$ cat target_5.txt   # compact mmCIF, C-alpha atoms and all ligand atoms
# COMPACT_ATOMS: atom_id res chain seq x y z
CA MET G 1 -63.17 -84.23 71.89
CA SER G 2 -66.39 -82.81 73.34
CA MET G 3 -65.77 -79.51 75.04
CA SER G 4 -69.33 -78.40 75.55
CA ARG G 5 -69.54 -78.76 79.32
CA ILE G 6 -68.19 -76.10 81.63
CA GLU G 7 -66.11 -78.48 83.79
CA THR G 8 -64.25 -79.64 80.66
CA LYS G 9 -63.75 -76.04 79.54
CA CYS G 10 -62.15 -75.22 82.91
CA ILE G 11 -59.50 -77.84 82.15
CA HIS G 12 -59.01 -77.71 78.39
CA GLU G 13 -59.90 -74.27 77.03
CA GLY G 14 -57.21 -71.66 76.42
CA TRP G 15 -53.86 -73.36 75.92
CA LYS G 16 -54.10 -75.99 73.16
CA PRO G 17 -50.69 -77.58 72.75
CA GLU G 18 -49.62 -79.04 69.42
CA LYS G 19 -47.67 -82.29 69.10
CA GLY G 20 -44.57 -82.17 71.27
CA ALA G 21 -45.46 -78.86 72.92
CA ALA G 22 -45.66 -78.31 76.67
CA ARG G 23 -48.73 -80.02 78.16
CA GLN G 24 -49.25 -77.29 80.72
CA LEU G 25 -49.49 -73.60 79.78
CA PRO G 26 -45.95 -72.20 79.57
CA VAL G 27 -45.09 -68.86 81.16
CA TYR G 28 -43.87 -66.63 78.34
CA GLN G 29 -41.65 -64.58 80.60
CA SER G 30 -40.55 -62.23 77.85
CA THR G 31 -41.23 -58.57 77.25
CA THR G 32 -40.75 -58.85 73.50
CA PHE G 33 -40.98 -61.16 70.49
CA LYS G 34 -38.69 -61.59 67.49
CA TYR G 35 -39.42 -60.93 63.79
CA ASP G 36 -37.31 -61.37 60.69
CA SER G 37 -38.07 -58.18 58.80
CA SER G 38 -38.97 -54.59 59.49
CA ASP G 39 -42.02 -54.98 57.27
CA GLU G 40 -43.40 -57.90 59.34
CA MET G 41 -43.12 -55.80 62.48
CA GLY G 42 -44.73 -52.78 60.80
CA ARG G 43 -47.78 -54.78 59.83
CA LEU G 44 -48.32 -55.70 63.50
CA PHE G 45 -48.29 -52.03 64.48
CA ASP G 46 -50.86 -51.28 61.79
CA LEU G 47 -53.10 -54.05 63.24
CA GLU G 48 -52.92 -55.64 59.78
CA ALA G 49 -51.31 -58.84 60.98
CA GLU G 50 -51.84 -60.72 64.22
CA GLY G 51 -48.87 -61.44 66.40
CA TYR G 52 -46.99 -60.59 69.54
CA PHE G 53 -44.60 -57.71 69.80
CA TYR G 54 -44.66 -56.32 73.31
CA THR G 55 -46.14 -57.84 76.50
CA ARG G 56 -47.85 -54.59 77.57
CA LEU G 57 -50.25 -55.21 74.68
CA GLN G 58 -50.33 -58.97 74.32
CA ASN G 59 -48.56 -62.03 75.65
CA PRO G 60 -49.23 -65.70 74.74
CA THR G 61 -49.65 -66.83 78.37
CA ASN G 62 -52.09 -64.02 79.13
CA ASP G 63 -53.99 -64.60 75.90
CA ALA G 64 -54.46 -68.31 76.64
CA VAL G 65 -55.92 -67.49 80.05
CA ALA G 66 -58.13 -64.74 78.60
CA ALA G 67 -59.32 -67.24 75.97
CA LYS G 68 -60.24 -69.75 78.70
CA ILE G 69 -62.25 -67.16 80.67
CA CYS G 70 -63.85 -66.04 77.39
CA ALA G 71 -64.93 -69.64 76.66
CA LEU G 72 -66.28 -70.10 80.19
CA GLU G 73 -68.42 -66.97 79.85
CA GLY G 74 -69.41 -67.75 76.26
CA GLY G 75 -67.99 -64.51 74.86
CA VAL G 76 -66.20 -63.57 71.63
CA GLY G 77 -63.16 -61.77 73.08
CA ALA G 78 -61.43 -61.17 76.39
CA MET G 79 -58.52 -59.27 77.86
CA LEU G 80 -56.66 -59.76 81.14
CA THR G 81 -55.84 -56.76 83.30
CA SER G 82 -53.55 -56.27 86.29
CA SER G 83 -56.50 -56.15 88.72
CA GLY G 84 -60.27 -56.13 88.98
CA GLN G 85 -60.12 -52.37 89.50
CA ALA G 86 -58.35 -51.95 86.15
CA ALA G 87 -60.92 -54.22 84.47
CA ASN G 88 -63.86 -52.13 85.69
CA PHE G 89 -62.11 -48.86 84.86
CA TYR G 90 -61.30 -50.00 81.30
CA ALA G 91 -64.75 -51.50 80.80
CA ILE G 92 -66.35 -48.09 81.37
CA PHE G 93 -63.61 -45.85 79.97
CA ASN G 94 -63.58 -47.81 76.72
CA ILE G 95 -67.01 -46.31 75.88
CA CYS G 96 -67.27 -43.20 78.10
CA GLU G 97 -65.36 -39.94 77.88
CA ALA G 98 -65.51 -36.50 79.52
CA GLY G 99 -69.10 -35.23 79.37
CA ASP G 100 -70.62 -38.72 79.42
CA HIS G 101 -72.78 -40.31 82.08
CA PHE G 102 -73.45 -43.87 83.23
CA ILE G 103 -75.65 -45.64 85.78
CA ALA G 104 -74.42 -48.07 88.42
CA SER G 105 -76.01 -50.02 91.24
CA SER G 106 -75.24 -48.38 94.59
CA SER G 107 -74.61 -51.83 96.14
CA ILE G 108 -71.36 -52.54 94.27
CA TYR G 109 -67.93 -53.27 95.75
CA GLY G 110 -66.49 -50.32 97.76
CA GLY G 111 -63.45 -49.93 95.52
CA THR G 112 -65.59 -49.73 92.40
CA TYR G 113 -67.99 -47.32 94.12
CA ASN G 114 -65.10 -44.97 94.83
CA LEU G 115 -63.63 -45.37 91.32
CA PHE G 116 -66.98 -44.49 89.72
CA GLY G 117 -68.14 -41.82 92.17
CA VAL G 118 -64.89 -39.97 92.88
CA THR G 119 -62.09 -40.76 90.43
CA MET G 120 -64.16 -41.03 87.23
CA LYS G 121 -65.79 -37.73 88.18
CA LYS G 122 -62.35 -36.09 88.04
CA LEU G 123 -62.11 -37.32 84.45
CA GLY G 124 -65.42 -35.60 83.68
CA ILE G 125 -67.49 -38.80 83.66
CA GLU G 126 -70.55 -38.72 85.86
CA CYS G 127 -72.01 -41.79 87.55
CA THR G 128 -75.50 -41.96 89.06
CA PHE G 129 -75.86 -44.67 91.71
CA ILE G 130 -79.27 -46.27 91.85
CA ASP G 131 -81.12 -48.64 94.17
CA GLN G 132 -81.06 -51.85 92.14
CA ASN G 133 -84.33 -53.05 93.66
CA LEU G 134 -86.39 -50.17 92.24
CA PRO G 135 -89.00 -51.12 89.63
CA GLU G 136 -88.25 -50.45 85.97
CA VAL G 137 -90.52 -47.38 85.73
CA GLU G 138 -88.55 -45.71 88.52
CA LEU G 139 -85.18 -46.66 87.03
CA GLU G 140 -86.16 -45.19 83.64
CA LYS G 141 -85.93 -41.72 85.15
CA TYR G 142 -82.18 -41.93 85.65
CA PHE G 143 -81.34 -42.20 81.96
CA LYS G 144 -80.12 -39.03 80.22
CA PRO G 145 -79.24 -38.27 76.59
CA ASN G 146 -75.53 -38.69 77.48
CA THR G 147 -75.95 -42.00 79.36
CA LYS G 148 -73.56 -44.58 77.84
CA ALA G 149 -73.74 -47.69 80.05
CA VAL G 150 -75.39 -49.47 82.97
CA PHE G 151 -73.27 -51.35 85.53
CA GLY G 152 -74.00 -53.86 88.30
CA GLU G 153 -72.62 -56.95 90.08
CA THR G 154 -74.29 -60.36 89.64
CA ILE G 155 -73.90 -60.85 93.40
CA THR G 156 -72.92 -57.66 95.20
CA ASN G 157 -69.86 -57.40 97.43
CA PRO G 158 -70.32 -57.24 100.46
CA THR G 159 -74.12 -57.25 100.78
CA VAL G 160 -74.61 -60.44 98.65
CA SER G 161 -77.68 -59.05 96.89
CA VAL G 162 -78.65 -60.57 93.55
CA PHE G 163 -78.82 -58.23 90.53
CA ASP G 164 -81.84 -58.72 88.26
CA LEU G 165 -79.91 -59.25 85.02
CA GLU G 166 -82.90 -59.43 82.66
CA LYS G 167 -84.53 -56.33 84.11
CA PHE G 168 -81.38 -54.26 83.64
CA ALA G 169 -80.63 -55.70 80.20
CA ARG G 170 -84.11 -54.60 79.06
CA LEU G 171 -83.64 -51.14 80.55
CA ALA G 172 -80.15 -50.61 79.10
CA HIS G 173 -81.11 -51.87 75.64
CA SER G 174 -84.28 -49.78 75.46
CA HIS G 175 -81.97 -46.76 75.90
CA GLY G 176 -79.43 -47.97 73.35
CA VAL G 177 -76.61 -48.68 75.81
CA PRO G 178 -74.81 -51.86 76.91
CA LEU G 179 -75.18 -53.59 80.28
CA ILE G 180 -71.84 -54.30 81.98
CA VAL G 181 -71.82 -56.80 84.84
CA ASP G 182 -69.08 -57.70 87.30
CA ASN G 183 -69.45 -61.48 87.65
CA THR G 184 -66.67 -61.96 90.22
CA PHE G 185 -68.69 -63.61 93.02
CA ALA G 186 -70.88 -65.89 90.91
CA THR G 187 -68.12 -66.92 88.47
CA PRO G 188 -69.16 -68.44 85.11
CA ILE G 189 -69.65 -71.75 86.93
CA ASN G 190 -72.76 -70.44 88.69
CA CYS G 191 -73.94 -67.74 86.29
CA ARG G 192 -73.20 -66.77 82.70
CA PRO G 193 -74.63 -63.25 82.41
CA PHE G 194 -74.49 -63.27 78.57
CA GLU G 195 -77.26 -65.90 78.64
CA TRP G 196 -79.49 -63.26 80.29
CA GLY G 197 -78.77 -60.41 77.87
CA VAL G 198 -75.71 -58.84 79.50
CA ASP G 199 -73.27 -57.37 76.95
CA ILE G 200 -69.95 -57.15 78.77
CA VAL G 201 -68.67 -59.04 81.81
CA THR G 202 -65.81 -58.09 84.12
CA HIS G 203 -63.97 -60.07 86.78
CA SER G 204 -61.64 -59.61 89.64
CA THR G 205 -59.76 -62.88 89.00
CA THR G 206 -58.16 -62.23 92.41
CA LYS G 207 -61.15 -63.97 93.98
CA TYR G 208 -62.54 -67.43 93.12
CA MET G 209 -60.79 -67.73 89.74
CA ASP G 210 -57.38 -67.58 91.40
CA GLY G 211 -58.96 -69.13 94.48
CA HIS G 212 -55.79 -69.45 96.56
CA ALA G 213 -55.08 -65.79 97.36
CA VAL G 214 -51.84 -65.70 95.36
CA SER G 215 -52.30 -63.17 92.54
CA VAL G 216 -54.23 -59.96 91.89
CA GLY G 217 -55.82 -59.78 88.46
CA GLY G 218 -58.81 -58.87 86.34
CA CYS G 219 -60.51 -59.68 83.08
CA ILE G 220 -63.00 -58.13 80.66
CA VAL G 221 -65.09 -60.35 78.38
CA ASP G 222 -67.25 -59.12 75.50
CA SER G 223 -70.33 -61.03 74.31
CA GLY G 224 -70.01 -59.38 70.90
CA ASN G 225 -73.77 -58.84 70.99
CA PHE G 226 -73.99 -55.06 71.37
CA ASP G 227 -74.40 -53.35 68.01
CA TRP G 228 -72.22 -50.25 68.30
CA MET G 229 -72.95 -49.14 64.74
CA ALA G 230 -76.70 -49.11 65.45
CA HIS G 231 -75.97 -46.39 68.04
CA LYS G 232 -73.22 -44.71 66.09
CA ASP G 233 -73.55 -41.25 67.65
CA LYS G 234 -73.37 -42.53 71.21
CA PHE G 235 -70.08 -44.38 70.82
CA PRO G 236 -67.76 -42.32 68.59
CA GLY G 237 -64.70 -44.05 70.08
CA LEU G 238 -65.79 -47.28 68.37
CA THR G 239 -67.67 -45.94 65.36
CA THR G 240 -65.43 -43.12 64.06
CA PRO G 241 -61.74 -43.25 63.03
CA ASP G 242 -59.12 -43.45 65.80
CA ASP G 243 -56.45 -40.89 64.88
CA SER G 244 -54.03 -42.52 67.30
CA TYR G 245 -54.32 -45.77 65.31
CA HIS G 246 -53.96 -44.79 61.66
CA GLY G 247 -57.62 -43.83 61.36
CA ILE G 248 -58.99 -47.30 62.13
CA THR G 249 -62.73 -47.45 62.91
CA TYR G 250 -62.88 -50.33 65.38
CA ALA G 251 -66.53 -51.31 64.84
CA GLU G 252 -66.05 -51.44 61.05
CA ARG G 253 -62.69 -53.20 60.98
CA PHE G 254 -63.18 -55.68 63.84
CA GLY G 255 -66.96 -56.26 63.99
CA LYS G 256 -67.76 -58.32 67.07
CA GLY G 257 -64.15 -58.00 68.22
CA ALA G 258 -64.26 -54.18 68.23
CA TYR G 259 -64.70 -53.53 71.94
CA ILE G 260 -61.83 -55.77 73.15
CA THR G 261 -59.54 -54.72 70.28
CA LYS G 262 -60.03 -51.06 71.20
CA ALA G 263 -59.49 -51.79 74.90
CA THR G 264 -56.20 -53.53 74.05
CA ALA G 265 -54.89 -51.33 71.26
CA GLN G 266 -55.82 -48.04 72.91
CA LEU G 267 -56.38 -48.33 76.67
CA MET G 268 -53.78 -51.00 77.44
CA ARG G 269 -51.31 -49.23 75.16
CA ASP G 270 -51.80 -45.93 76.99
CA PHE G 271 -52.54 -46.94 80.60
CA GLY G 272 -50.57 -50.19 80.73
CA SER G 273 -52.38 -52.08 83.52
CA THR G 274 -51.00 -55.33 82.15
CA GLN G 275 -51.31 -58.72 83.84
CA SER G 276 -47.95 -60.37 84.48
CA PRO G 277 -47.57 -63.69 82.64
CA GLN G 278 -46.49 -65.40 85.88
CA ASN G 279 -49.70 -64.30 87.60
CA ALA G 280 -51.75 -65.35 84.58
CA PHE G 281 -50.21 -68.82 85.00
CA TYR G 282 -51.47 -68.92 88.60
CA ILE G 283 -54.95 -67.83 87.49
CA ASN G 284 -54.96 -70.71 85.00
CA LEU G 285 -54.16 -73.22 87.76
CA GLY G 286 -57.06 -71.80 89.75
CA LEU G 287 -59.39 -72.05 86.76
CA GLU G 288 -58.63 -75.75 86.36
CA THR G 289 -60.38 -76.50 89.68
CA LEU G 290 -62.90 -73.63 89.71
CA HIS G 291 -65.87 -75.94 89.13
CA LEU G 292 -64.91 -78.23 92.02
CA ARG G 293 -64.18 -75.42 94.43
CA MET G 294 -67.33 -73.40 93.68
CA GLU G 295 -69.48 -76.41 94.45
CA ARG G 296 -67.84 -76.87 97.85
CA HIS G 297 -67.82 -73.13 98.65
CA CYS G 298 -71.57 -72.98 98.01
CA GLU G 299 -72.36 -76.17 99.94
CA ASN G 300 -70.34 -74.98 102.96
CA ALA G 301 -71.74 -71.44 102.85
CA LEU G 302 -75.33 -72.66 102.82
CA ALA G 303 -74.67 -74.90 105.84
CA VAL G 304 -72.97 -72.02 107.69
CA ALA G 305 -75.82 -69.62 106.81
CA LYS G 306 -78.38 -72.11 108.13
CA PHE G 307 -76.36 -72.55 111.34
CA LEU G 308 -76.02 -68.79 111.92
CA GLU G 309 -79.70 -68.21 111.26
CA GLN G 310 -80.55 -70.45 114.23
CA GLN G 311 -78.29 -68.71 116.74
CA ASP G 312 -79.84 -66.38 119.36
CA LYS G 313 -76.89 -64.01 119.29
CA ILE G 314 -77.18 -63.40 115.55
CA ALA G 315 -79.39 -60.47 114.51
CA TRP G 316 -79.67 -61.28 110.80
CA VAL G 317 -78.08 -63.41 108.04
CA ASN G 318 -77.91 -62.53 104.36
CA TYR G 319 -77.30 -65.40 101.94
CA PRO G 320 -79.23 -65.72 98.66
CA GLY G 321 -79.52 -69.49 99.10
CA LEU G 322 -81.60 -69.15 102.29
CA GLU G 323 -85.32 -69.43 101.71
CA SER G 324 -85.84 -66.51 104.12
CA ASN G 325 -83.68 -64.26 101.92
CA PRO G 326 -85.35 -61.49 99.89
CA TYR G 327 -83.17 -62.53 96.92
CA PHE G 328 -84.07 -66.23 97.15
CA GLU G 329 -86.37 -66.03 94.13
CA LEU G 330 -83.83 -64.20 91.97
CA SER G 331 -81.14 -66.66 93.05
CA GLN G 332 -83.36 -69.58 91.99
CA LYS G 333 -83.63 -67.96 88.56
CA TYR G 334 -80.06 -66.81 87.92
CA LEU G 335 -78.01 -68.99 90.29
CA LYS G 336 -79.53 -72.46 90.09
CA LYS G 337 -76.27 -74.23 90.99
CA GLY G 338 -75.62 -71.97 93.99
CA SER G 339 -74.49 -68.39 94.51
CA CYS G 340 -71.05 -68.15 96.12
CA GLY G 341 -69.21 -68.78 99.38
CA VAL G 342 -69.72 -65.29 100.74
CA LEU G 343 -72.41 -64.36 103.22
CA ALA G 344 -73.12 -61.36 105.43
CA PHE G 345 -74.52 -61.27 108.95
CA GLY G 346 -74.91 -59.03 111.96
CA ILE G 347 -74.41 -59.81 115.64
CA LYS G 348 -76.86 -58.53 118.26
CA GLY G 349 -75.19 -55.75 120.24
CA GLY G 350 -73.75 -54.06 117.16
CA ARG G 351 -70.24 -52.96 116.35
CA GLU G 352 -68.51 -53.70 119.66
CA ARG G 353 -69.79 -57.26 119.99
CA SER G 354 -69.01 -57.92 116.33
CA ILE G 355 -65.40 -57.02 116.95
CA GLN G 356 -65.27 -59.17 120.13
CA PHE G 357 -66.63 -62.10 118.14
CA MET G 358 -64.16 -61.68 115.29
CA ASP G 359 -61.19 -61.52 117.66
CA ARG G 360 -62.15 -64.86 119.23
CA LEU G 361 -62.19 -66.89 116.03
CA LYS G 362 -59.40 -69.45 115.63
CA LEU G 363 -59.85 -71.04 112.21
CA ALA G 364 -61.36 -68.08 110.35
CA SER G 365 -58.92 -65.22 109.98
CA ILE G 366 -59.48 -61.49 109.65
CA VAL G 367 -58.10 -60.51 106.24
CA THR G 368 -58.93 -58.03 103.50
CA HIS G 369 -59.90 -60.72 101.07
CA VAL G 370 -62.74 -62.95 100.04
CA ALA G 371 -63.26 -65.96 97.89
CA ASP G 372 -60.23 -68.11 98.46
CA SER G 373 -59.90 -71.59 99.92
CA LYS G 374 -59.46 -70.41 103.54
CA THR G 375 -62.40 -69.15 105.60
CA CYS G 376 -61.95 -65.47 106.35
CA LEU G 377 -63.95 -62.46 107.42
CA LEU G 378 -63.99 -58.71 107.54
CA HIS G 379 -66.00 -55.87 109.05
CA PRO G 380 -66.52 -53.43 106.14
CA ALA G 381 -67.45 -50.44 108.31
CA SER G 382 -64.05 -50.62 110.03
CA HIS G 383 -62.05 -52.00 107.06
CA THR G 384 -62.88 -51.82 103.30
CA HIS G 385 -65.59 -49.14 103.57
CA ARG G 386 -64.05 -46.96 106.26
CA GLN G 387 -63.61 -44.08 103.79
CA LEU G 388 -67.39 -43.91 103.32
CA THR G 389 -69.61 -41.64 105.42
CA ASP G 390 -72.52 -43.16 107.38
CA GLU G 391 -74.85 -41.79 104.71
CA GLN G 392 -72.83 -43.48 101.92
CA LEU G 393 -72.68 -46.70 103.94
CA LYS G 394 -76.46 -46.66 104.17
CA GLU G 395 -76.77 -45.95 100.46
CA ALA G 396 -74.47 -48.87 99.70
CA GLY G 397 -76.64 -51.06 101.96
CA VAL G 398 -73.73 -51.76 104.31
CA ALA G 399 -75.03 -51.86 107.87
CA PRO G 400 -72.50 -50.76 110.53
CA ASP G 401 -72.77 -54.22 112.13
CA LEU G 402 -72.32 -56.13 108.83
CA ILE G 403 -69.70 -58.88 108.95
CA ARG G 404 -68.67 -60.33 105.59
CA LEU G 405 -67.81 -64.00 105.95
CA SER G 406 -66.08 -65.80 103.10
CA VAL G 407 -66.62 -69.49 103.68
CA GLY G 408 -63.68 -71.60 102.54
CA ILE G 409 -63.41 -75.22 101.48
CA GLU G 410 -62.32 -76.68 104.82
CA ASN G 411 -64.54 -79.34 106.43
CA VAL G 412 -67.74 -77.47 107.19
CA ASP G 413 -68.02 -78.97 110.71
CA ASP G 414 -64.70 -77.35 111.63
CA ILE G 415 -65.89 -73.98 110.30
CA ILE G 416 -69.15 -74.20 112.26
CA GLU G 417 -67.39 -75.31 115.45
CA ASP G 418 -65.12 -72.30 115.23
CA LEU G 419 -68.03 -69.89 114.81
CA ALA G 420 -69.89 -71.60 117.68
CA GLN G 421 -66.99 -71.34 120.14
CA ALA G 422 -66.51 -67.63 119.34
CA LEU G 423 -70.23 -66.96 119.77
CA ASN G 424 -70.20 -68.79 123.12
CA GLN G 425 -67.54 -66.39 124.39
CA ILE G 426 -69.45 -63.17 123.77
C1 LIG T 1 -62.31 -57.45 94.68
C2 LIG T 1 -63.32 -56.96 93.75
C3 LIG T 1 -63.01 -55.99 92.79
C4 LIG T 1 -61.65 -55.36 92.68
O1 LIG T 1 -60.73 -56.31 92.26
P1 LIG T 1 -59.14 -56.24 92.56
O2 LIG T 1 -58.65 -57.44 91.89
O3 LIG T 1 -58.99 -56.24 94.06
O4 LIG T 1 -58.65 -54.96 91.97
C5 LIG T 1 -64.00 -55.62 91.90
N1 LIG T 1 -65.24 -56.14 91.97
C6 LIG T 1 -65.58 -57.07 92.90
C7 LIG T 1 -66.97 -57.61 92.92
C8 LIG T 1 -64.64 -57.50 93.81
O5 LIG T 1 -64.98 -58.42 94.73

$ encode --input "target_5.txt" --output "structure tokens"
Amino acid sequence: MSMSRIETKCIHEGWKPEKGAARQLPVYQSTTFKYDSSDEMGRLFDLEAEGYFYTRLQNPTNDAVAAKICALEGGVGAMLTSSGQAANFYAIFNICEAGDHFIASSSIYGGTYNLFGVTMKKLGIECTFIDQNLPEVELEKYFKPNTKAVFGETITNPTVSVFDLEKFARLAHSHGVPLIVDNTFATPINCRPFEWGVDIVTHSTTKYMDGHAVSVGGCIVDSGNFDWMAHKDKFPGLTTPDDSYHGITYAERFGKGAYITKATAQLMRDFGSTQSPQNAFYINLGLETLHLRMERHCENALAVAKFLEQQDKIAWVNYPGLESNPYFELSQKYLKKGSCGVLAFGIKGGRERSIQFMDRLKLASIVTHVADSKTCLLHPASHTHRQLTDEQLKEAGVAPDLIRLSVGIENVDDIIEDLAQALNQI
């Protein structure tokens, strides 16, 4: 069977049933797994044998879903987490400790911005937020001897800016650190960051991967391409013995699998942000139609963006697929099949009129969500980003009048009619 095309991988990767086994991925709703001898169990704890023993660390349902996402991204290893927040926290904390520093785009998702800028700081890890549009010579200046990673989002939430993957991969690698990219909005259907030199990818599976707004989840995927041993002094957690795991040196013992093995054996063991097998099952159902849904999300979003752009009452529209967009060129390079279903726009008259408009919509609903089948919207300045000061809002590129619209997979004429009737009323 040929499995080389991404649509086929969405359906067939992950769970591979043997003769007589369940056709669809079973939910292994069990905390623990049985062994016949004490010795067999001991070898699992020593990481000498592979097998399941406790669902906080590994579960067959979760592993099948992680394997599917890993195949879609073209990685060597993946791990599910309980949320996108947990995925981004683990992705950084797996290679940074107190006294370390990393660099992140200032345009990232509000929750991640707060995690990196406030909570990680309490752990002694410093993050410098940078303007992702600066030229390489300017960005160079932010690297320090203790810098351990660079982080960005393929398509930023909520400003829908496109991250220049190759530029940042070059920068990170010339300083001997990995580039970590949150690929939530693009999904591996529209962009596979590893093909552009990115080392580690994270996801909030809560969004398009689930696609139906039923389960919160996250995932980390490793390309296996970053050579930890070549930068031995920078990453002692991977390149020196782990006393909490019988003196294992992850990079020596597990090679390309080192990063995900450490994240599982150490971080998941200690922090326990485990995905529930039932939710992993839902993610798998979403993944089976991801390729179909992304196509429709993108088609609808482009039509909606073009409609909004022509309306007198609209001040501006931000969608990478619009030729007028400053990211159009980057989107043509990295997002040939389309970007995502999310767009941002502002209404003339600012905050008050934006709220009037939102309250008059009938089909589109106001929810704290994006990237599911139903059209929805949100005003970040009054919702997701309300903890940020005006200065921080500006730094994150979130205008006070910005409305984030997540275009669903309804008939696009119905979506446009709804927007038109609400605009007519203000
Ligand atoms: C939603 C989101 C997150 C956080 O994910 P949760 O699953 O809500 O924890 C992280 N990054 C991006 C780009 C997101 O859109």

$ residues_near_point --input "target_5.txt" --point "(-69.2, -57.9, 97.6)" --cutoff "12 Å" --atoms "all atoms listed in the file" --output "ChimeraX atom specification"
/G:106-113,152-163,182-186,204,207,318-319,340-344,368-371,378,380,384-385,396-398,402-406

$ residues_around --input "target_5.txt" --residues "stretch 31-37 of chain G" --least-positions-apart "6" --cutoff "10 Å" --atoms "all atoms listed in the file" --output "ChimeraX atom specification"
/G:51-59,277

$ closest_residue --input "target_5.txt" --among "G:Phe89, G:Phe307, G:Tyr245, G:Trp15" --to "G:Leu322" --atoms "all atoms listed in the file"
G:Phe307

$ axis_aligned_box --input "target_5.txt" --around "ligand LIG 1 (chain T)" --padding-each-side "4 Å" --output "JSON"
{"center_x": -62.8, "center_y": -56.7, "center_z": 93.3, "size_x": 16.3, "size_y": 11.5, "size_z": 10.8}

$ residues_around --input "target_5.txt" --residues "stretch 285-296 of chain G" --least-positions-apart "2" --cutoff "8 Å" --atoms "all atoms listed in the file" --output "PyMOL selection string"
chain G and resi 6-7+10-11+189-190+208-212+281-283+298-300+337-338+340-341+373+409

$ closest_residue --input "target_5.txt" --among "G:Ala104, G:Ile248, G:Leu335, G:Ile95" --to "G:Trp228" --atoms "all atoms listed in the file"
G:Ile95

$ closest_residue --input "target_5.txt" --among "G:Phe143, G:Tyr334, G:Phe328, G:Phe345" --to "G:Ala305" --atoms "all atoms listed in the file"
G:Phe345

$ atom_distance --input "target_5.txt" --atom1 "atom CA of G:Phe194" --atom2 "atom O1 of ligand LIG 1 (chain T)"
20.6 Å

$ build_atoms --input "target_5.txt" --residues "stretch 93-103 of chain G" --atoms "N, CA, C and O atoms" --output "PDB file, in the frame of the given file"
ATOM      1  N   PHE G  93     -64.344 -46.893  80.710  1.00  0.00           N
ATOM      2  CA  PHE G  93     -63.610 -45.850  79.970  1.00  0.00           C
ATOM      3  C   PHE G  93     -63.485 -46.178  78.479  1.00  0.00           C
ATOM      4  O   PHE G  93     -63.268 -45.291  77.667  1.00  0.00           O
ATOM      5  N   ASN G  94     -63.648 -47.417  78.131  1.00  0.00           N
ATOM      6  CA  ASN G  94     -63.580 -47.810  76.720  1.00  0.00           C
ATOM      7  C   ASN G  94     -64.743 -47.223  75.900  1.00  0.00           C
ATOM      8  O   ASN G  94     -64.657 -47.106  74.683  1.00  0.00           O
ATOM      9  N   ILE G  95     -65.840 -46.866  76.591  1.00  0.00           N
ATOM     10  CA  ILE G  95     -67.010 -46.310  75.880  1.00  0.00           C
ATOM     11  C   ILE G  95     -67.513 -44.980  76.453  1.00  0.00           C
ATOM     12  O   ILE G  95     -68.484 -44.428  75.953  1.00  0.00           O
ATOM     13  N   CYS G  96     -66.872 -44.488  77.516  1.00  0.00           N
ATOM     14  CA  CYS G  96     -67.270 -43.200  78.100  1.00  0.00           C
ATOM     15  C   CYS G  96     -66.111 -42.224  78.053  1.00  0.00           C
ATOM     16  O   CYS G  96     -64.970 -42.615  78.284  1.00  0.00           O
ATOM     17  N   GLU G  97     -66.404 -40.967  77.785  1.00  0.00           N
ATOM     18  CA  GLU G  97     -65.360 -39.940  77.880  1.00  0.00           C
ATOM     19  C   GLU G  97     -65.923 -38.728  78.595  1.00  0.00           C
ATOM     20  O   GLU G  97     -67.098 -38.719  78.977  1.00  0.00           O
ATOM     21  N   ALA G  98     -65.093 -37.701  78.790  1.00  0.00           N
ATOM     22  CA  ALA G  98     -65.510 -36.500  79.520  1.00  0.00           C
ATOM     23  C   ALA G  98     -66.834 -36.000  78.930  1.00  0.00           C
ATOM     24  O   ALA G  98     -66.979 -35.915  77.710  1.00  0.00           O
ATOM     25  N   GLY G  99     -67.785 -35.697  79.811  1.00  0.00           N
ATOM     26  CA  GLY G  99     -69.100 -35.230  79.370  1.00  0.00           C
ATOM     27  C   GLY G  99     -70.145 -36.330  79.325  1.00  0.00           C
ATOM     28  O   GLY G  99     -71.327 -36.056  79.173  1.00  0.00           O
ATOM     29  N   ASP G 100     -69.690 -37.596  79.459  1.00  0.00           N
ATOM     30  CA  ASP G 100     -70.620 -38.720  79.420  1.00  0.00           C
ATOM     31  C   ASP G 100     -71.112 -39.085  80.825  1.00  0.00           C
ATOM     32  O   ASP G 100     -70.547 -38.655  81.833  1.00  0.00           O
ATOM     33  N   HIS G 101     -72.128 -39.906  80.837  1.00  0.00           N
ATOM     34  CA  HIS G 101     -72.780 -40.310  82.080  1.00  0.00           C
ATOM     35  C   HIS G 101     -73.045 -41.809  82.042  1.00  0.00           C
ATOM     36  O   HIS G 101     -73.245 -42.370  80.966  1.00  0.00           O
ATOM     37  N   PHE G 102     -73.001 -42.475  83.179  1.00  0.00           N
ATOM     38  CA  PHE G 102     -73.450 -43.870  83.230  1.00  0.00           C
ATOM     39  C   PHE G 102     -74.154 -44.133  84.558  1.00  0.00           C
ATOM     40  O   PHE G 102     -74.099 -43.318  85.479  1.00  0.00           O
ATOM     41  N   ILE G 103     -74.823 -45.282  84.611  1.00  0.00           N
ATOM     42  CA  ILE G 103     -75.650 -45.640  85.780  1.00  0.00           C
ATOM     43  C   ILE G 103     -75.054 -46.890  86.406  1.00  0.00           C
ATOM     44  O   ILE G 103     -74.702 -47.836  85.701  1.00  0.00           O
TER      45      ILE G 103
END
